[in-house]
>>> print(open('entry19.csv').read())   # CSV, N, CA and C atoms
chain,number,residue,atom,x,y,z
A,1,MET,N,-169.3,-51.7,17.9
A,1,MET,CA,-170.1,-51.9,19.1
A,1,MET,C,-169.8,-53.3,19.7
A,2,PRO,N,-169.7,-53.4,21.0
A,2,PRO,CA,-169.6,-54.7,21.6
A,2,PRO,C,-170.8,-55.6,21.4
A,3,GLU,N,-170.6,-56.9,21.5
A,3,GLU,CA,-171.7,-57.8,21.3
A,3,GLU,C,-172.5,-57.8,22.6
A,4,GLY,N,-173.7,-58.2,22.6
A,4,GLY,CA,-174.5,-58.4,23.8
A,4,GLY,C,-175.4,-57.2,24.1
A,5,LYS,N,-176.3,-57.4,25.0
A,5,LYS,CA,-177.2,-56.3,25.4
A,5,LYS,C,-176.4,-55.3,26.2
A,6,GLY,N,-176.7,-54.0,25.9
A,6,GLY,CA,-176.0,-52.9,26.6
A,6,GLY,C,-176.9,-52.5,27.8
A,7,PRO,N,-176.6,-51.4,28.5
A,7,PRO,CA,-175.7,-50.4,28.0
A,7,PRO,C,-174.2,-50.8,28.1
A,8,HIS,N,-173.4,-50.3,27.3
A,8,HIS,CA,-172.0,-50.5,27.3
A,8,HIS,C,-171.2,-49.2,27.7
A,9,PRO,N,-170.1,-49.3,28.4
A,9,PRO,CA,-169.3,-48.1,28.6
A,9,PRO,C,-168.9,-47.5,27.3
A,10,LEU,N,-168.9,-46.2,27.2
A,10,LEU,CA,-168.6,-45.4,26.0
A,10,LEU,C,-167.3,-44.6,26.2
A,11,GLY,N,-166.4,-44.7,25.3
A,11,GLY,CA,-165.2,-43.8,25.3
A,11,GLY,C,-165.0,-43.1,24.1
A,12,GLY,N,-164.5,-41.9,24.1
A,12,GLY,CA,-164.2,-41.1,23.0
A,12,GLY,C,-162.8,-41.4,22.5
A,13,ASP,N,-162.6,-41.4,21.2
A,13,ASP,CA,-161.3,-41.7,20.6
A,13,ASP,C,-161.1,-40.9,19.3
A,14,SER,N,-159.9,-40.2,19.3
A,14,SER,CA,-159.6,-39.5,18.1
A,14,SER,C,-158.1,-39.7,17.8
A,15,GLY,N,-157.7,-39.2,16.7
A,15,GLY,CA,-156.3,-39.4,16.3
A,15,GLY,C,-155.3,-38.5,17.0
A,16,GLY,N,-154.1,-38.7,16.7
A,16,GLY,CA,-153.1,-37.8,17.3
A,16,GLY,C,-153.2,-36.4,16.9
A,17,TRP,N,-152.1,-35.8,16.6
A,17,TRP,CA,-152.1,-34.4,16.3
A,17,TRP,C,-152.9,-34.0,15.1
A,18,CYS,N,-152.8,-34.7,14.0
A,18,CYS,CA,-153.5,-34.3,12.8
A,18,CYS,C,-153.9,-35.4,11.9
A,19,TYR,N,-154.1,-36.6,12.3
A,19,TYR,CA,-154.6,-37.6,11.4
A,19,TYR,C,-156.1,-37.9,11.7
A,20,VAL,N,-156.8,-38.5,10.7
A,20,VAL,CA,-158.2,-38.7,10.7
A,20,VAL,C,-158.6,-40.0,11.3
A,21,LYS,N,-159.8,-40.2,11.7
A,21,LYS,CA,-160.3,-41.4,12.4
A,21,LYS,C,-160.2,-42.7,11.6
A,22,GLU,N,-160.1,-42.6,10.3
A,22,GLU,CA,-160.1,-43.8,9.5
A,22,GLU,C,-158.7,-44.5,9.5
A,23,ILE,N,-157.7,-43.8,10.0
A,23,ILE,CA,-156.3,-44.4,9.9
A,23,ILE,C,-156.1,-45.6,10.9
A,24,VAL,N,-156.3,-45.3,12.1
A,24,VAL,CA,-155.9,-46.3,13.2
A,24,VAL,C,-157.1,-46.6,14.1
A,25,MET,N,-158.1,-45.7,14.2
A,25,MET,CA,-159.1,-45.8,15.1
A,25,MET,C,-160.0,-47.1,15.0
A,26,PRO,N,-160.2,-47.6,13.8
A,26,PRO,CA,-161.0,-48.9,13.7
A,26,PRO,C,-160.3,-50.0,14.4
A,27,THR,N,-159.0,-50.1,14.4
A,27,THR,CA,-158.2,-51.1,15.2
A,27,THR,C,-158.5,-50.9,16.7
A,28,TYR,N,-158.4,-49.7,17.1
A,28,TYR,CA,-158.6,-49.4,18.6
A,28,TYR,C,-160.1,-49.8,18.9
A,29,ALA,N,-161.0,-49.4,18.1
A,29,ALA,CA,-162.4,-49.7,18.4
A,29,ALA,C,-162.7,-51.2,18.5
A,30,GLU,N,-162.0,-52.0,17.6
A,30,GLU,CA,-162.2,-53.5,17.7
A,30,GLU,C,-161.7,-54.0,19.0
A,31,GLN,N,-160.5,-53.5,19.5
A,31,GLN,CA,-160.0,-53.9,20.8
A,31,GLN,C,-160.9,-53.5,22.0
A,32,PHE,N,-161.4,-52.3,21.9
A,32,PHE,CA,-162.3,-51.9,23.0
A,32,PHE,C,-163.6,-52.7,23.0
A,33,ALA,N,-164.1,-53.0,21.8
A,33,ALA,CA,-165.4,-53.8,21.7
A,33,ALA,C,-165.1,-55.2,22.2
A,34,ALA,N,-163.9,-55.8,22.0
A,34,ALA,CA,-163.6,-57.1,22.5
A,34,ALA,C,-163.7,-57.2,24.0
A,35,VAL,N,-163.5,-56.1,24.7
A,35,VAL,CA,-163.7,-56.1,26.2
A,35,VAL,C,-164.9,-55.4,26.7
A,36,GLY,N,-165.9,-55.2,25.7
A,36,GLY,CA,-167.2,-54.8,26.1
A,36,GLY,C,-167.4,-53.3,26.1
A,37,CYS,N,-166.5,-52.5,25.5
A,37,CYS,CA,-166.7,-51.0,25.5
A,37,CYS,C,-167.0,-50.5,24.1
A,38,ALA,N,-167.9,-49.6,24.0
A,38,ALA,CA,-168.2,-48.9,22.8
A,38,ALA,C,-167.3,-47.7,22.6
A,39,THR,N,-167.0,-47.3,21.4
A,39,THR,CA,-166.2,-46.1,21.2
A,39,THR,C,-166.9,-45.1,20.3
A,40,LEU,N,-166.7,-43.9,20.5
A,40,LEU,CA,-167.2,-42.8,19.6
A,40,LEU,C,-166.0,-42.2,19.0
A,41,ARG,N,-165.7,-42.6,17.7
A,41,ARG,CA,-164.5,-42.1,17.0
A,41,ARG,C,-164.9,-40.8,16.3
A,42,PHE,N,-164.0,-39.9,16.4
A,42,PHE,CA,-164.3,-38.6,15.7
A,42,PHE,C,-163.0,-37.9,15.2
A,43,ASP,N,-163.2,-37.1,14.2
A,43,ASP,CA,-162.1,-36.2,13.8
A,43,ASP,C,-162.2,-34.9,14.5
A,44,TYR,N,-161.0,-34.3,14.8
A,44,TYR,CA,-161.0,-33.0,15.3
A,44,TYR,C,-161.6,-32.0,14.3
A,45,ARG,N,-162.2,-31.0,14.8
A,45,ARG,CA,-162.9,-30.0,13.8
A,45,ARG,C,-161.8,-29.6,12.8
A,46,PHE,N,-162.3,-29.3,11.6
A,46,PHE,CA,-161.5,-28.9,10.5
A,46,PHE,C,-160.7,-30.1,9.9
A,47,LEU,N,-160.8,-31.3,10.4
A,47,LEU,CA,-160.1,-32.4,9.8
A,47,LEU,C,-161.1,-33.5,9.2
A,48,ALA,N,-162.4,-33.2,9.1
A,48,ALA,CA,-163.3,-34.1,8.5
A,48,ALA,C,-163.0,-34.3,7.1
A,49,ARG,N,-163.5,-35.3,6.5
A,49,ARG,CA,-163.2,-35.6,5.0
A,49,ARG,C,-163.4,-34.4,4.1
A,50,ALA,N,-164.4,-33.6,4.3
A,50,ALA,CA,-164.7,-32.5,3.4
A,50,ALA,C,-163.7,-31.4,3.6
A,51,THR,N,-163.0,-31.3,4.7
A,51,THR,CA,-162.0,-30.2,5.0
A,51,THR,C,-160.6,-30.7,5.3
A,52,ARG,N,-160.2,-31.8,4.8
A,52,ARG,CA,-158.9,-32.4,5.2
A,52,ARG,C,-157.8,-31.4,4.9
A,53,ALA,N,-157.9,-30.6,3.9
A,53,ALA,CA,-156.8,-29.7,3.6
A,53,ALA,C,-156.6,-28.6,4.6
A,54,ALA,N,-157.6,-28.4,5.5
A,54,ALA,CA,-157.5,-27.3,6.5
A,54,ALA,C,-156.5,-27.7,7.6
A,55,SER,N,-156.2,-26.7,8.3
A,55,SER,CA,-155.2,-27.0,9.4
A,55,SER,C,-155.8,-27.6,10.6
A,56,ALA,N,-155.0,-28.2,11.5
A,56,ALA,CA,-155.5,-28.8,12.7
A,56,ALA,C,-155.9,-27.7,13.7
A,57,PRO,N,-156.8,-28.0,14.6
A,57,PRO,CA,-157.2,-27.0,15.6
A,57,PRO,C,-156.2,-26.6,16.6
A,58,GLY,N,-155.1,-27.3,16.8
A,58,GLY,CA,-154.1,-27.1,17.8
A,58,GLY,C,-154.5,-27.7,19.1
A,59,PRO,N,-153.6,-27.8,20.1
A,59,PRO,CA,-153.9,-28.5,21.3
A,59,PRO,C,-155.1,-28.0,22.1
A,60,LEU,N,-155.3,-26.7,22.2
A,60,LEU,CA,-156.5,-26.2,22.9
A,60,LEU,C,-157.8,-26.5,22.2
A,61,GLY,N,-157.8,-26.5,20.9
A,61,GLY,CA,-159.0,-26.8,20.1
A,61,GLY,C,-159.3,-28.3,20.3
A,62,GLN,N,-158.2,-29.2,20.3
A,62,GLN,CA,-158.5,-30.6,20.5
A,62,GLN,C,-159.1,-30.9,21.9
A,63,ILE,N,-158.6,-30.2,22.9
A,63,ILE,CA,-159.2,-30.3,24.2
A,63,ILE,C,-160.7,-29.9,24.2
A,64,GLU,N,-161.0,-28.8,23.6
A,64,GLU,CA,-162.4,-28.4,23.5
A,64,GLU,C,-163.2,-29.4,22.7
A,65,ASP,N,-162.7,-30.0,21.7
A,65,ASP,CA,-163.4,-31.1,21.0
A,65,ASP,C,-163.7,-32.3,21.9
A,66,TYR,N,-162.8,-32.7,22.7
A,66,TYR,CA,-163.0,-33.8,23.6
A,66,TYR,C,-164.1,-33.4,24.7
A,67,GLN,N,-164.0,-32.1,25.1
A,67,GLN,CA,-165.0,-31.6,26.1
A,67,GLN,C,-166.4,-31.7,25.6
A,68,GLN,N,-166.6,-31.7,24.3
A,68,GLN,CA,-168.0,-31.7,23.7
A,68,GLN,C,-168.5,-33.2,23.6
A,69,LEU,N,-167.7,-34.2,23.9
A,69,LEU,CA,-168.2,-35.6,23.8
A,69,LEU,C,-169.4,-35.9,24.7
A,70,PRO,N,-169.5,-35.4,26.0
A,70,PRO,CA,-170.6,-35.8,26.8
A,70,PRO,C,-171.9,-35.2,26.2
A,71,GLU,N,-171.9,-34.0,25.6
A,71,GLU,CA,-173.1,-33.5,25.0
A,71,GLU,C,-173.5,-34.3,23.8
A,72,LEU,N,-172.5,-34.6,23.0
A,72,LEU,CA,-172.8,-35.4,21.8
A,72,LEU,C,-173.3,-36.8,22.1
A,73,ARG,N,-172.7,-37.4,23.1
A,73,ARG,CA,-173.2,-38.7,23.6
A,73,ARG,C,-174.7,-38.7,24.0
A,74,CYS,N,-175.1,-37.6,24.6
A,74,CYS,CA,-176.5,-37.5,25.0
A,74,CYS,C,-177.4,-37.4,23.8
A,75,ARG,N,-176.9,-36.8,22.7
A,75,ARG,CA,-177.7,-36.6,21.5
A,75,ARG,C,-177.9,-37.9,20.8
A,76,ILE,N,-176.9,-38.8,20.8
A,76,ILE,CA,-177.0,-40.1,20.1
A,76,ILE,C,-177.5,-41.2,20.9
A,77,ALA,N,-177.6,-41.1,22.2
A,77,ALA,CA,-178.1,-42.2,23.1
A,77,ALA,C,-179.6,-42.4,22.9
>>> encode(input="entry19.csv", output="structure tokens")
Amino acid sequence: MPEGKGPHPLGGDSGGWCYVKEIVMPTYAEQFAAVGCATLRFDYRFLARATRAASAPGPLGQIEDYQQLPELRCRIA
């Protein structure tokens, strides 16, 4: 999270085709926070830690996962 009183702009961020949020997303989040933006890092469905061995959702599934971000943001705000 960025420093200072919010609200802060919020962006969604996930990995490429099939890697999980712990690999590179923390570095991106630090860079966004440095300019005052919060990030919601997420794994695509079926790629969370408990199910890492499962297959990736494919491009259409990834698009659907990004489309769920506004609803999720409302739940955590």
>>> residues_near_point(input="entry19.csv", point="(-162.9, -39.2, 11.3)", cutoff="6 Å", atoms="only N, CA and C atoms", output="list in words")
Val20, Lys21, Glu22, Arg41, Phe42, Asp43 and Ala48 of chain A
>>> residues_near_point(input="entry19.csv", point="(-166.3, -52.3, 26.3)", cutoff="12 Å", atoms="only C-alpha atoms", output="PyMOL selection string")
chain A and resi 1-12+28-40
>>> atom_distance(input="entry19.csv", atom1="atom C of Ser14 in chain A", atom2="atom C of Gln67 in chain A")
13.9 Å
